[in-house]
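Note sheet for the following structure.
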Amino acid sequence: MIHDKKAHKFGMVIDLDKCTGCGSCMVSCMSENNIPFKEDESNKLDTLTWMRVFKLTNGKSFPDTEVAYLPRPCQHCGGWGDHGHSPCVSVCPATATDYGYDTGIVSQIYTRCFGCRYCMGACPYKARYFNWWDPKWPEGMENYLSPNVSPRMRGVVEKCSFCYHRYQLAREKAYAEEREIEEMEYQTACTTACPSGAIIFGDLNNPEHKVTQIVKPDPHPDAMNKHVVGKSRNPYVFRLLERLGTNPKVYYMSEREWVRKAGDNYLEGEWDKKKNHHGSSSSHG
Amino acid sequence: MKVDRRSFLGLGLGAAAGIAVSPVAIKLTDDSSIWTQNWPWTPVPEDGEITYDHTACSLCPGSCGLSVRRIKGRPVKIEGIDGYPVNNGGACLHGIAGLQYLYDPSRVKTPMKKENGRFKAISWDAAISLVAEKLKDLRRKKMSSSLACITGSDKGSVNALFKRFMDAYGSANALSMPSLEGNLALTAATLHGADHTIGFDLENSDFILSFGAGIIDGWGSPVACFQANASRKERHAKLFQIEPRLSNTAALADKWIPIKPGTEADLALGICAVLLNKNIFTPGEFGTGFSRFTAMVQKAYAPAKVEATTGIPAAQIDALAQAFVKADMPVAVPGRGRGDYGQSLREFAAVQTLNALAGRLNQKGGAFVMAAADYLSFPEAVMDMTAEAGAGKDKLAATVPQFFDTLAASSAPAVNALFVYNANPCYTLHNTAEIKKAIAKVPFKVSFSSFMDETAMECDVILPASTFLERLEDVPSGAGLSRTVVGLSRPMVKKTVFNTKNPGDAIIMLAKAMGGTVAESFDWDSYDQCLESVAGDIWDTLSDEGVIVLSKGAPNETVATDFSFLSANPAGAGTTGQGDFTLVAIDNLRLAGTVPAASPFAIKTVSDKVLLNKDILVDINPDSAKAKGLANGGDAKLTTALGTFKVKVNFDQGIMPGVIAMARGLGHTLANNPFAGGKGVNVNDTIGPMIEEGSGLDAAFGTKASISRA
């Protein structure tokens, strides 16, 4: 039973000018969600990292090179028009992944998944991972596994859940105390771990929450692309491959233009046009 | 019943329609996937009551406060403690992965003794009496000085107990591994007076001039540095990073100033020269040698000369000097990378002199010359004749690298027994092959390691230490933090995972087994009782709150600066070997450079541009690489004075041409640990030591190297 009648829309904004690429979020995620590890994890195609930090460069040569890091959790897409038809949810034949209209979180039910991996093909962000092997921990190490997240088995797909179990714990507590959950009560493991405070997490439907205040999501569909909803009215904030209309709930922020440009693939000259458009749309917001 | 065509078709269609609308098919698929996925070997973690308990981390000198989530007393997750005076809620990946160290496959599970080259499990009593008999024998032969002890650090009560054991036993040869804290204490002793350390008020400074210090690459107290760096955006504080390659720190800095490797001290002295020449320095309590220093830098570090050494244009050096003194609260920070190893006193002193000349000593946002934390009150050790005689003798060496030099050079064993605690010199020090040869000369070696690492393997007896999550211990801050904080590490498991002990207890047991005055010096039943008594006044706060802040903010007193060390213009480090390239060791936050080796989680986060399968990749500028016919991602042979190493090549636009960078922390040989062990090259195998005269520090920041296609 959902005590909270109001629908939440949990999301985050990651400040790429603060992210140092230290990897705390990745390890916090692994530890929180019982993610296994293998002897060799250097083949990044078969390694399980719900949260993965990518390294971006501006492509210029010494000494004009610049580097930025981009942490990539599941983007929890709302799909075209933000109606909950996320790319992965739409293709799942087993209803193993679903869109939570009360939270905006894209779920994954491991035991329902039969491993067809359509969702992995559908995900434009490569946020989904397949268990090619059964997890194996060195002797005794199973002792640190958390009961809040079930360990997965060979043959299923897994991905970031925005630490849904943390939401459940916070919600149960709030329910018992007959109140709404507070902003800081539900935070993902990566957010709490970040030593630079680069990740801000909260409810994009709640104007009081810091994430909403930074992102300033536009409630109306984008004038240029009706599938895009919730576009940021902050000129420094962007989403990955935004024009696809997947409507991710993970936003990124940078004052560096080349970093913002790295959020999508642009034709020659296209970026300058977009920049100008962005300027005009943010002025009336 | 007769089945005619009509009813046959009717039934058939009905059945088809029935199957199509019925959920049975879907239900069966679903069920079959559920049944076939509930394997008995997939663990089902036990549920129970959740609690959060506080402890302090001692994996690195950072001394962060950690909150451990436990299910019915079983630890499942580590996070930072909100409001903790070091890390305020944040944590680094090694701390978060701390639980993996509890069950690390390379842990030493019980006391061990080496027999015919193989380790054999023995009881604690047997191990302690074995060590005690050997030591008693040495002492009887009046050779107490030939026991040496290497610890990871000299701070906190456990290290103090090791030192106390050495005192009571009668040996002055207690040494601690190279560390940022050690370098800062040495710098303070050279410039400002003994028993001090230096803290950098990064969170208040509005202009950080970093001489390669990896502010967000693991320097100092890493999480505190991350937070100071992150707050720069709101504070509009600048960071200028001087470094041969675009490290993560350089990448987030306002300005990255590439410099020829190893010439940071020259630049610092060049800036000093500009300040003195233009008379834009702040006069202070400048003692001995100031005028000599002034004359020296003006002559030897004129802008043109410094430009030639460092590769930075004279005009830029001039501008840098001006910007530094014009800022409201500038601070200069020494220590390349983590600032612990491969550093020179010359560089540390030169950078700290810059702080002195800019009037930044004991000023908000500057460099604090702080009294060394002195919160433990041990009773005097009971000294007999042997102990007194030992105390009167000179140390064999000032530093651990120098100690191994001495060991290697002597034909008769320079020491007859060696203790190693929380240190892995056979991995961490340059030219590990020589270190292993030197350590093999010591007839009796005792390790207090938690892990079967490179040094533990060389030892004769192992008295395994419990990890930080299994024991009580005071955890003092240091490593350049601008405040003095003592945290309390507390056991987070109901009992130790293996048959290990707090090394403090091991030392107390050993002292008792020695008998006589050594035993009298250790008049405690257990380490826990010892800590409570020596922590004295602060124990109540420490045990109730888990942390105590001993000092914060700029110290009130003015500081004198002694210029005599630098005024003699000590020689720079230089590099050994031959080749067109300079190979430098770099610190990668996701790898651990010292003890313990990186956890499986940490290794998992390492980029495939650093470690691919079992090969290490070295960073090289594409232009330099192409000139040598190297391909991006291709195999190469890297040759230094110490040998030829198989590496892969990573084209990195963010590195100076002519420089090759190799990450510290790979190339481990660890028993039963295929996660961190047996991967890549240990950069310390490729670089030879270079002991700096006057300080005894190993100042080798790199080596000459050549590289060719393999």
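Chains: A, B, ... in order of the structure tokens. Residues: from 1 per chain. Ligands: from 1, in order shown.
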
Q: With a distance cut-off of 9 Å and only C-alpha atoms, select the neighbouring residues of segment 258-263 of chain A, excluding the residue or stretch itself and same-chain residues fewer than 5 positions from it, and output the selection as a PyMOL selection string.
A: chain A and resi 16+56-58+67-68+236-242+252-253+271

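When the distance limit is 10 Å and only C-alpha atoms are what count, the residues near Asp40 of chain A, minus those fewer than 4 positions from it on the same chain, are Lys44, Asp46 and Thr47 of chain A; Pro600, Ile603, Lys604, Leu611, Leu612, Asn613, Lys614, Pro674, Phe675, Ala676 and Lys679 of chain B.
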
Q.
Taking only C-alpha atoms into account, name the residue in B:Ile620, B:Ala663, B:Ala423, B:Ala20 that is nearest to chain A.
A.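 Closest to chain A of all the choices is B:Ile620.
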
Q | Which of segment 412-636 of chain B fall in helix (DSSP H, G or I), as an MDAnalysis selection string | A | chainID B and resid 425:428 432:440 454:458 468:470 503:514 516:520 527:545 564:567 600:605 622:627

**Q.** Which of A:Lys159, A:Arg179, A:Lys216, A:Arg256 sits closest to chain B [using only C-alpha atoms]
**A.**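 Distance minimum relative to chain B lands on A:Arg256.
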
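Atom pair atom CA of Pro657 of chain B / atom CA of Phe581 of chain B has a distance of 8.6 Å (rounded to one decimal).
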
Identify, on the basis of only C-alpha atoms, every residue whose closest approach to segment 217-219 of chain A does not exceed 8 Å; exclude the query and any residue fewer than 5 positions from it along the same chain; express the result as a PDB file with N, CA and C atoms, in the first residue's frame.
ATOM      1  N   LEU A 204      11.758  15.282  -8.221  1.00  0.00           N
ATOM      2  CA  LEU A 204      11.624  16.354  -9.215  1.00  0.00           C
ATOM      3  C   LEU A 204      10.217  16.947  -9.231  1.00  0.00           C
ATOM      4  N   THR A 212      15.274  19.841  -7.799  1.00  0.00           N
ATOM      5  CA  THR A 212      14.303  20.562  -8.616  1.00  0.00           C
ATOM      6  C   THR A 212      14.717  22.010  -8.785  1.00  0.00           C
ATOM      7  N   VAL A 229      10.042  16.145 -22.491  1.00  0.00           N
ATOM      8  CA  VAL A 229       9.358  16.822 -21.392  1.00  0.00           C
ATOM      9  C   VAL A 229      10.351  16.933 -20.236  1.00  0.00           C
ATOM     10  N   GLY A 230      10.224  17.990 -19.469  1.00  0.00           N
ATOM     11  CA  GLY A 230      11.069  18.125 -18.282  1.00  0.00           C
ATOM     12  C   GLY A 230      12.464  18.599 -18.603  1.00  0.00           C
ATOM     13  N   LYS A 231      12.603  19.246 -19.745  1.00  0.00           N
ATOM     14  CA  LYS A 231      13.896  19.807 -20.110  1.00  0.00           C
ATOM     15  C   LYS A 231      14.290  20.868 -19.079  1.00  0.00           C
ATOM     16  N   SER A 232      15.574  20.929 -18.780  1.00  0.00           N
ATOM     17  CA  SER A 232      16.000  21.872 -17.756  1.00  0.00           C
ATOM     18  C   SER A 232      15.961  23.305 -18.271  1.00  0.00           C
ATOM     19  N   ARG A 233      15.576  24.204 -17.399  1.00  0.00           N
ATOM     20  CA  ARG A 233      15.604  25.622 -17.754  1.00  0.00           C
ATOM     21  C   ARG A 233      16.874  26.287 -17.229  1.00  0.00           C
ATOM     22  N   GLY A 285      11.503  31.044 -19.136  1.00  0.00           N
ATOM     23  CA  GLY A 285      11.251  30.162 -17.998  1.00  0.00           C
ATOM     24  C   GLY A 285      11.566  30.900 -16.757  1.00  0.00           C
TER      25      GLY A 285
END

Q: For Ala332 of chain B, please output as a list in words all residues within 7 Å (counting only C-alpha atoms; exclusion window: fewer than 5 positions along the same chain).
A: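 Near neighbours after the sequence-gap exclusion: Ile208, Leu209, Ser210, Val351, Gln352, Leu354 and Asn355 of chain B.
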
Write the residues you've just listed into a file as a tab-separated table (two decimals), in the first residue's frame, and include C-alpha atoms for each of them.
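Just written: result.tsv:
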chain	number	residue	atom	x	y	z
B	208	ILE	CA	45.98	27.01	-3.89
B	209	LEU	CA	49.30	26.74	-5.67
B	210	SER	CA	49.91	23.01	-5.79
B	351	VAL	CA	57.43	25.22	-1.20
B	352	GLN	CA	57.02	25.88	2.50
B	354	LEU	CA	57.12	30.25	-0.36
B	355	ASN	CA	54.40	30.19	2.30

Would you mind listing what lies within 12 Å of Cys60 of chain B as an mmCIF file with N, CA and C atoms, in the first residue's frame, with only C-alpha atoms counted and same-chain residues fewer than 2 positions away left out?
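Dumped to out-v6.cif:
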data_model
loop_
_atom_site.group_PDB
_atom_site.id
_atom_site.type_symbol
_atom_site.label_atom_id
_atom_site.label_comp_id
_atom_site.auth_asym_id
_atom_site.auth_seq_id
_atom_site.Cartn_x
_atom_site.Cartn_y
_atom_site.Cartn_z
ATOM 1 N N ALA B 56 36.423 4.535 13.129
ATOM 2 C CA ALA B 56 37.334 5.399 12.366
ATOM 3 C C ALA B 56 38.183 4.525 11.468
ATOM 4 N N CYS B 57 38.497 5.063 10.302
ATOM 5 C CA CYS B 57 39.220 4.294 9.294
ATOM 6 C C CYS B 57 40.717 4.516 9.440
ATOM 7 N N SER B 58 41.485 3.438 9.385
ATOM 8 C CA SER B 58 42.943 3.613 9.420
ATOM 9 C C SER B 58 43.605 2.972 8.207
ATOM 10 N N GLY B 62 44.303 9.331 6.203
ATOM 11 C CA GLY B 62 43.174 10.254 6.152
ATOM 12 C C GLY B 62 42.353 10.328 7.419
ATOM 13 N N SER B 63 42.237 9.207 8.153
ATOM 14 C CA SER B 63 41.531 9.170 9.439
ATOM 15 C C SER B 63 40.083 9.627 9.346
ATOM 16 N N CYS B 64 39.320 9.066 8.435
ATOM 17 C CA CYS B 64 37.914 9.423 8.289
ATOM 18 C C CYS B 64 37.054 8.696 9.312
ATOM 19 N N ALA B 91 33.180 9.545 1.885
ATOM 20 C CA ALA B 91 34.121 8.440 2.091
ATOM 21 C C ALA B 91 34.763 8.126 0.761
ATOM 22 N N CYS B 92 35.959 7.581 0.802
ATOM 23 C CA CYS B 92 36.620 7.217 -0.453
ATOM 24 C C CYS B 92 36.295 5.775 -0.777
ATOM 25 N N LEU B 93 36.625 5.349 -1.978
ATOM 26 C CA LEU B 93 36.233 3.997 -2.386
ATOM 27 C C LEU B 93 36.902 2.915 -1.551
ATOM 28 N N HIS B 94 38.107 3.170 -1.045
ATOM 29 C CA HIS B 94 38.782 2.127 -0.267
ATOM 30 C C HIS B 94 38.089 1.926 1.086
ATOM 31 N N GLY B 95 37.682 3.039 1.699
ATOM 32 C CA GLY B 95 36.971 2.938 2.968
ATOM 33 C C GLY B 95 35.630 2.236 2.790
ATOM 34 N N GLY B 98 35.835 -1.338 2.618
ATOM 35 C CA GLY B 98 36.553 -1.864 3.781
ATOM 36 C C GLY B 98 36.142 -3.265 4.207
ATOM 37 N N GLY B 152 54.304 1.353 9.763
ATOM 38 C CA GLY B 152 53.747 2.151 8.676
ATOM 39 C C GLY B 152 53.730 3.627 9.000
ATOM 40 N N SER B 153 53.625 3.933 10.311
ATOM 41 C CA SER B 153 53.548 5.335 10.716
ATOM 42 C C SER B 153 54.057 5.395 12.143
ATOM 43 N N SER B 179 56.189 8.761 4.434
ATOM 44 C CA SER B 179 54.795 9.192 4.461
ATOM 45 C C SER B 179 54.745 10.705 4.301
ATOM 46 N N LEU B 180 53.599 11.197 3.867
ATOM 47 C CA LEU B 180 53.427 12.640 3.764
ATOM 48 C C LEU B 180 53.622 13.276 5.129
ATOM 49 N N GLU B 181 53.033 12.634 6.151
ATOM 50 C CA GLU B 181 53.157 13.157 7.508
ATOM 51 C C GLU B 181 54.623 13.266 7.919
ATOM 52 N N GLY B 218 44.386 11.650 -3.921
ATOM 53 C CA GLY B 218 44.777 10.861 -2.758
ATOM 54 C C GLY B 218 45.773 11.531 -1.825
ATOM 55 N N TRP B 219 46.116 12.787 -2.078
ATOM 56 C CA TRP B 219 47.058 13.501 -1.211
ATOM 57 C C TRP B 219 46.409 13.774 0.146
ATOM 58 N N GLY B 220 47.218 13.711 1.180
ATOM 59 C CA GLY B 220 46.765 14.127 2.515
ATOM 60 C C GLY B 220 45.621 13.288 3.038
ATOM 61 N N SER B 221 44.660 13.965 3.625
ATOM 62 C CA SER B 221 43.458 13.291 4.091
ATOM 63 C C SER B 221 42.468 13.385 2.927
ATOM 64 N N PRO B 222 42.372 12.307 2.098
ATOM 65 C CA PRO B 222 41.745 12.466 0.776
ATOM 66 C C PRO B 222 40.339 13.058 0.789
ATOM 67 N N VAL B 223 39.475 12.583 1.673
ATOM 68 C CA VAL B 223 38.092 13.052 1.610
ATOM 69 C C VAL B 223 37.997 14.527 2.011
ATOM 70 N N ARG B 338 50.485 11.511 -3.936
ATOM 71 C CA ARG B 338 50.059 11.372 -2.545
ATOM 72 C C ARG B 338 51.027 12.064 -1.591
ATOM 73 N N ASP B 340 53.844 10.991 -0.466
ATOM 74 C CA ASP B 340 54.484 10.160 0.549
ATOM 75 C C ASP B 340 55.871 9.659 0.168
ATOM 76 N N ASN B 422 52.353 -3.117 9.587
ATOM 77 C CA ASN B 422 51.586 -2.187 8.754
ATOM 78 C C ASN B 422 52.458 -1.544 7.672
ATOM 79 N N ALA B 423 53.384 -2.321 7.163
ATOM 80 C CA ALA B 423 54.295 -1.812 6.139
ATOM 81 C C ALA B 423 54.632 -2.960 5.200
ATOM 82 N N PHE B 468 41.237 -3.113 10.750
ATOM 83 C CA PHE B 468 40.722 -1.974 11.514
ATOM 84 C C PHE B 468 39.271 -2.151 11.913
ATOM 85 N N VAL B 475 42.774 6.732 16.322
ATOM 86 C CA VAL B 475 43.157 7.052 14.946
ATOM 87 C C VAL B 475 43.357 8.561 14.824
ATOM 88 N N PRO B 476 44.600 9.020 15.031
ATOM 89 C CA PRO B 476 44.842 10.459 14.952
ATOM 90 C C PRO B 476 44.962 10.937 13.508
ATOM 91 N N SER B 477 44.520 12.150 13.248
ATOM 92 C CA SER B 477 44.651 12.719 11.914
ATOM 93 C C SER B 477 46.080 13.189 11.709
ATOM 94 N N GLY B 478 46.357 13.683 10.543
ATOM 95 C CA GLY B 478 47.694 14.172 10.210
ATOM 96 C C GLY B 478 47.708 14.440 8.731
ATOM 97 N N ALA B 479 48.843 14.182 8.107
ATOM 98 C CA ALA B 479 48.944 14.244 6.655
ATOM 99 C C ALA B 479 48.405 15.552 6.090
ATOM 100 N N LEU B 589 43.993 7.212 -7.547
ATOM 101 C CA LEU B 589 43.211 7.062 -6.316
ATOM 102 C C LEU B 589 42.543 5.689 -6.216
ATOM 103 N N ALA B 592 45.765 1.331 -4.491
ATOM 104 C CA ALA B 592 46.410 1.668 -3.230
ATOM 105 C C ALA B 592 47.908 1.509 -3.409
ATOM 106 N N GLY B 593 48.673 2.527 -3.002
ATOM 107 C CA GLY B 593 50.117 2.494 -3.208
ATOM 108 C C GLY B 593 50.860 1.750 -2.123
ATOM 109 N N THR B 594 50.278 1.673 -0.932
ATOM 110 C CA THR B 594 51.015 1.065 0.176
ATOM 111 C C THR B 594 50.252 -0.127 0.739
ATOM 112 N N VAL B 595 49.887 -0.081 2.016
ATOM 113 C CA VAL B 595 49.233 -1.209 2.674
ATOM 114 C C VAL B 595 47.808 -0.832 3.018
ATOM 115 N N PRO B 596 46.809 -1.677 2.829
ATOM 116 C CA PRO B 596 46.871 -2.941 2.082
ATOM 117 C C PRO B 596 46.701 -2.698 0.584
ATOM 118 N N ALA B 597 46.828 -3.764 -0.187
ATOM 119 C CA ALA B 597 46.603 -3.667 -1.630
ATOM 120 C C ALA B 597 45.134 -3.331 -1.871
ATOM 121 N N ALA B 598 44.827 -2.856 -3.089
ATOM 122 C CA ALA B 598 43.450 -2.461 -3.394
ATOM 123 C C ALA B 598 42.497 -3.657 -3.258
#

Q) Nearest to chain A: which of B:Pro283, B:Gly629, B:Pro622, B:Pro555 is it, counting only C-alpha atoms? A)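 For chain A, the nearest of the candidates is B:Pro622.
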
Q) Which residues in segment 380-597 of chain B does DSSP call strand (DSSP E)? List them as a PyMOL selection string. A) chain B and resi 417-421+444-447+461-462+473-476+484-489+547-551+560-561+581-586

Q: Find the spatial neighbours of segment 482-496 of chain B, counting only C-alpha atoms, within a cut-off of 7 Å - ignore same-chain residues fewer than 4 positions away - and output them as a ChimeraX atom specification.
A: /B:55-57,73-75,199-201,368,373,466,468-478,500,542,546-553

Q. Smallest atom-to-atom distance to Ile199 of chain A: which of B:Ile122, B:Gly214, B:Val331, B:Ala230, using only C-alpha atoms?
A.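 Nearest candidate to Ile199 of chain A out of B:Ile122, B:Gly214, B:Val331, B:Ala230: B:Ala230.
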